[in-house]
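What follows is a set of notes on a single structure, which appears directly below.
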Amino acid sequence: MDDEQQRPEHGPLAGFTVGVTAARRADELGALLQRRGAAVLHAPAIRIVPLADDSELLAATKQLIDQAPDVVVATTAIGFRGWVEAADGWGLGDALLERLRAVELLARGPKVKGAVRAAGLTEEWSPASESMAEVLDRLLEQGVDGRRIAVQLHGEPLPGFVESLKAGGAEVVGVPVYRWLPPEDLGPVDRLLDAAVSRGVDAVTFTSAPAAASLLSRAEERGLLPELLAAFGHDVLPACVGPVTAVPLQGHGVDTVQPERFRLGPLVQLLCRELPGRVRALPVAGHRLEIRGHAVLVDGELRTVPPAGMSLLRALSRRPGWVVPRAELLRALPGTGRDEHAVETAMARLRTSLGAPKLIQTVVKRGYRLALDPATDAKYTDA
């Protein structure tokens, strides 16, 4: 019972800040992250515009009703539902469903399969991998020469999918159900970009390729793209829900992490492993110190630290055990002040926040140092 009472109440993401670029299901993703202790910075990088009144979707729907395709590929649940709802609105719902019952209907994954069945239809096949590449392989193996294949487009790039079908001799009909556009309010996106380049977030999540492309595009417009790419390369973890989502980032040479299953839950679980795993625990003054994005764990207890204190602590932790001069610490503080008294004030608050004043030693007339335990001093200071 005593062990249970002493067990930390914070989650695995406590002390970390995670940016969320999703427009759809952002609340769900944010709740999953917050439940595990993260602070969330929400900045929808795109907005989804349904095409219920769009002539392209209406024309494609009429064309498929009038001239039956051989195969229909349903790629997303929201897109398939949106298509059926739009057709209902035009008075073509029954005709569309009747047509879809008579063709080979492929569903990209379980959620799409659920949407197909909710419409009273039955898919002929669905890949276990939820991969469009596996759908493509199946179609090409069967042979597509002379076949008419309708593909429900879902706003994300399908690298080589349509091109490969056409190269195999297929006639491809695109069904554009909705489009991605930049957000009307760029304020949240700009705040996320500023936070990323200043290392004010520890990770940024992407659940669609258009969101990744939109964030990169906005960074380029603001002249921040090199800084954003540098942040993604070292300090800010870019986490994508799947490989298609990662394509725009990979195009800029950014390595991303992705869960094995392309779902929000596994994405959050991945962050729960990756972010704490990137933090080095330091043995300091008989305590275990773990410096996270906006907070610190002292012997497993979460301690909230003001931004100025976090800046000082990061500067000290870059060379644990070494004396860091006041002038260098002053440069690390937010702002451009010249009064070294600001360092003493921020240091006093930092020590109070940590709850263990002896973690940081004052070295008279020189500066401050993390009081690294003697057994590990040589490891960190003999450089």
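We name chains A, B, ... following the order of the structure tokens; residues begin at 1 in each chain, and ligands are numbered from 1 as shown.
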
I want to know what sits within 9 Å of Ala346 of chain A, based on only C-alpha atoms, with residues of the same chain fewer than 2 positions away left out; could you give that as a PDB file with N, CA and C atoms, in the first residue's frame?
ATOM      1  N   PRO A 306       9.464  27.312 -13.940  1.00  0.00           N
ATOM      2  CA  PRO A 306       9.194  28.444 -14.840  1.00  0.00           C
ATOM      3  C   PRO A 306      10.118  28.406 -16.047  1.00  0.00           C
ATOM      4  N   ALA A 308      12.139  30.544 -17.385  1.00  0.00           N
ATOM      5  CA  ALA A 308      13.502  31.037 -17.156  1.00  0.00           C
ATOM      6  C   ALA A 308      14.335  29.978 -16.441  1.00  0.00           C
ATOM      7  N   GLY A 309      13.736  29.311 -15.470  1.00  0.00           N
ATOM      8  CA  GLY A 309      14.444  28.250 -14.747  1.00  0.00           C
ATOM      9  C   GLY A 309      14.802  27.084 -15.652  1.00  0.00           C
ATOM     10  N   LEU A 312      17.857  27.967 -17.656  1.00  0.00           N
ATOM     11  CA  LEU A 312      19.086  27.830 -16.863  1.00  0.00           C
ATOM     12  C   LEU A 312      19.450  26.361 -16.690  1.00  0.00           C
ATOM     13  N   LEU A 333      19.009  32.988 -20.756  1.00  0.00           N
ATOM     14  CA  LEU A 333      17.692  33.430 -20.265  1.00  0.00           C
ATOM     15  C   LEU A 333      16.881  34.070 -21.389  1.00  0.00           C
ATOM     16  N   HIS A 341      22.181  40.053 -12.273  1.00  0.00           N
ATOM     17  CA  HIS A 341      21.312  39.830 -11.119  1.00  0.00           C
ATOM     18  C   HIS A 341      20.089  39.004 -11.527  1.00  0.00           C
ATOM     19  N   ALA A 342      19.701  39.119 -12.810  1.00  0.00           N
ATOM     20  CA  ALA A 342      18.569  38.338 -13.309  1.00  0.00           C
ATOM     21  C   ALA A 342      18.853  36.843 -13.194  1.00  0.00           C
ATOM     22  N   VAL A 343      20.125  36.468 -13.341  1.00  0.00           N
ATOM     23  CA  VAL A 343      20.500  35.061 -13.210  1.00  0.00           C
ATOM     24  C   VAL A 343      20.284  34.596 -11.772  1.00  0.00           C
ATOM     25  N   GLU A 344      20.700  35.431 -10.811  1.00  0.00           N
ATOM     26  CA  GLU A 344      20.558  35.061  -9.398  1.00  0.00           C
ATOM     27  C   GLU A 344      19.080  34.923  -9.027  1.00  0.00           C
ATOM     28  N   ALA A 348      17.336  31.396  -7.939  1.00  0.00           N
ATOM     29  CA  ALA A 348      16.655  31.205  -6.651  1.00  0.00           C
ATOM     30  C   ALA A 348      15.289  30.568  -6.857  1.00  0.00           C
ATOM     31  N   ARG A 349      14.565  31.036  -7.873  1.00  0.00           N
ATOM     32  CA  ARG A 349      13.249  30.462  -8.169  1.00  0.00           C
ATOM     33  C   ARG A 349      13.372  29.020  -8.656  1.00  0.00           C
ATOM     34  N   LEU A 350      14.417  28.761  -9.445  1.00  0.00           N
ATOM     35  CA  LEU A 350      14.638  27.402  -9.937  1.00  0.00           C
ATOM     36  C   LEU A 350      14.880  26.440  -8.782  1.00  0.00           C
ATOM     37  N   ARG A 351      15.722  26.848  -7.844  1.00  0.00           N
ATOM     38  CA  ARG A 351      16.014  25.975  -6.692  1.00  0.00           C
ATOM     39  C   ARG A 351      14.752  25.705  -5.882  1.00  0.00           C
TER      40      ARG A 351
END

For segment 73-81 of chain A, please output as a list in words all residues within 9 Å (counting only C-alpha atoms; exclusion window: fewer than 5 positions along the same chain). Ala86, Glu104, Leu105, Leu106, Ala107, Arg108, Gly109, Pro110, Lys111, Val112, Lys113, Gly114, Ala115, Val116, Ala118, Ala119, Met132, Val135, Ile149, Ala150, Val151, Gln152, Leu153, His154, Pro176, Val177 and Tyr178 of chain A

Pick out each residue of segment 281-382 of chain A that DSSP on the backbone tags as strand (DSSP E or B); I need them as a PyMOL selection string. chain A and resi 281-284+287-291+295-298+301-304+324-325+360-363+367-370+372

If you keep C-alpha atoms, can you produce a file of those selected residues as a PDB file, in the first residue's frame?
ATOM      1  CA  ALA A 281      18.642  10.911 -16.235  1.00  0.00           C
ATOM      2  CA  LEU A 282      21.414  12.567 -14.222  1.00  0.00           C
ATOM      3  CA  PRO A 283      22.563  11.510 -10.724  1.00  0.00           C
ATOM      4  CA  VAL A 284      22.820  14.858  -8.954  1.00  0.00           C
ATOM      5  CA  HIS A 287      18.941  12.549  -6.453  1.00  0.00           C
ATOM      6  CA  ARG A 288      17.851  11.348  -9.888  1.00  0.00           C
ATOM      7  CA  LEU A 289      17.250  14.350 -12.127  1.00  0.00           C
ATOM      8  CA  GLU A 290      15.340  14.049 -15.415  1.00  0.00           C
ATOM      9  CA  ILE A 291      14.927  17.258 -17.420  1.00  0.00           C
ATOM     10  CA  ALA A 295       9.148  20.311 -16.124  1.00  0.00           C
ATOM     11  CA  VAL A 296      11.612  18.177 -14.199  1.00  0.00           C
ATOM     12  CA  LEU A 297      11.401  14.823 -12.478  1.00  0.00           C
ATOM     13  CA  VAL A 298      13.282  14.749  -9.176  1.00  0.00           C
ATOM     14  CA  GLU A 301       8.355  13.413  -8.630  1.00  0.00           C
ATOM     15  CA  LEU A 302       7.154  15.926 -11.202  1.00  0.00           C
ATOM     16  CA  ARG A 303       8.277  19.484 -10.462  1.00  0.00           C
ATOM     17  CA  THR A 304       6.949  22.367 -12.568  1.00  0.00           C
ATOM     18  CA  VAL A 324      28.814  27.588 -16.202  1.00  0.00           C
ATOM     19  CA  PRO A 325      29.659  31.321 -15.911  1.00  0.00           C
ATOM     20  CA  ILE A 360      22.765  23.321  -8.066  1.00  0.00           C
ATOM     21  CA  GLN A 361      25.969  24.578  -6.482  1.00  0.00           C
ATOM     22  CA  THR A 362      27.096  28.191  -6.432  1.00  0.00           C
ATOM     23  CA  VAL A 363      30.780  28.535  -7.292  1.00  0.00           C
ATOM     24  CA  GLY A 367      29.045  30.737 -11.714  1.00  0.00           C
ATOM     25  CA  TYR A 368      26.940  27.657 -11.045  1.00  0.00           C
ATOM     26  CA  ARG A 369      27.170  23.923 -11.642  1.00  0.00           C
ATOM     27  CA  LEU A 370      24.973  20.862 -11.359  1.00  0.00           C
ATOM     28  CA  LEU A 372      26.895  15.740 -10.222  1.00  0.00           C
TER      29      LEU A 372
END

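Considering the residues A:Lys365, A:Val172, A:Gly187, A:Pro127 and counting only C-alpha atoms, Ala327 of chain A has its shortest atom-to-atom contact with A:Lys365.
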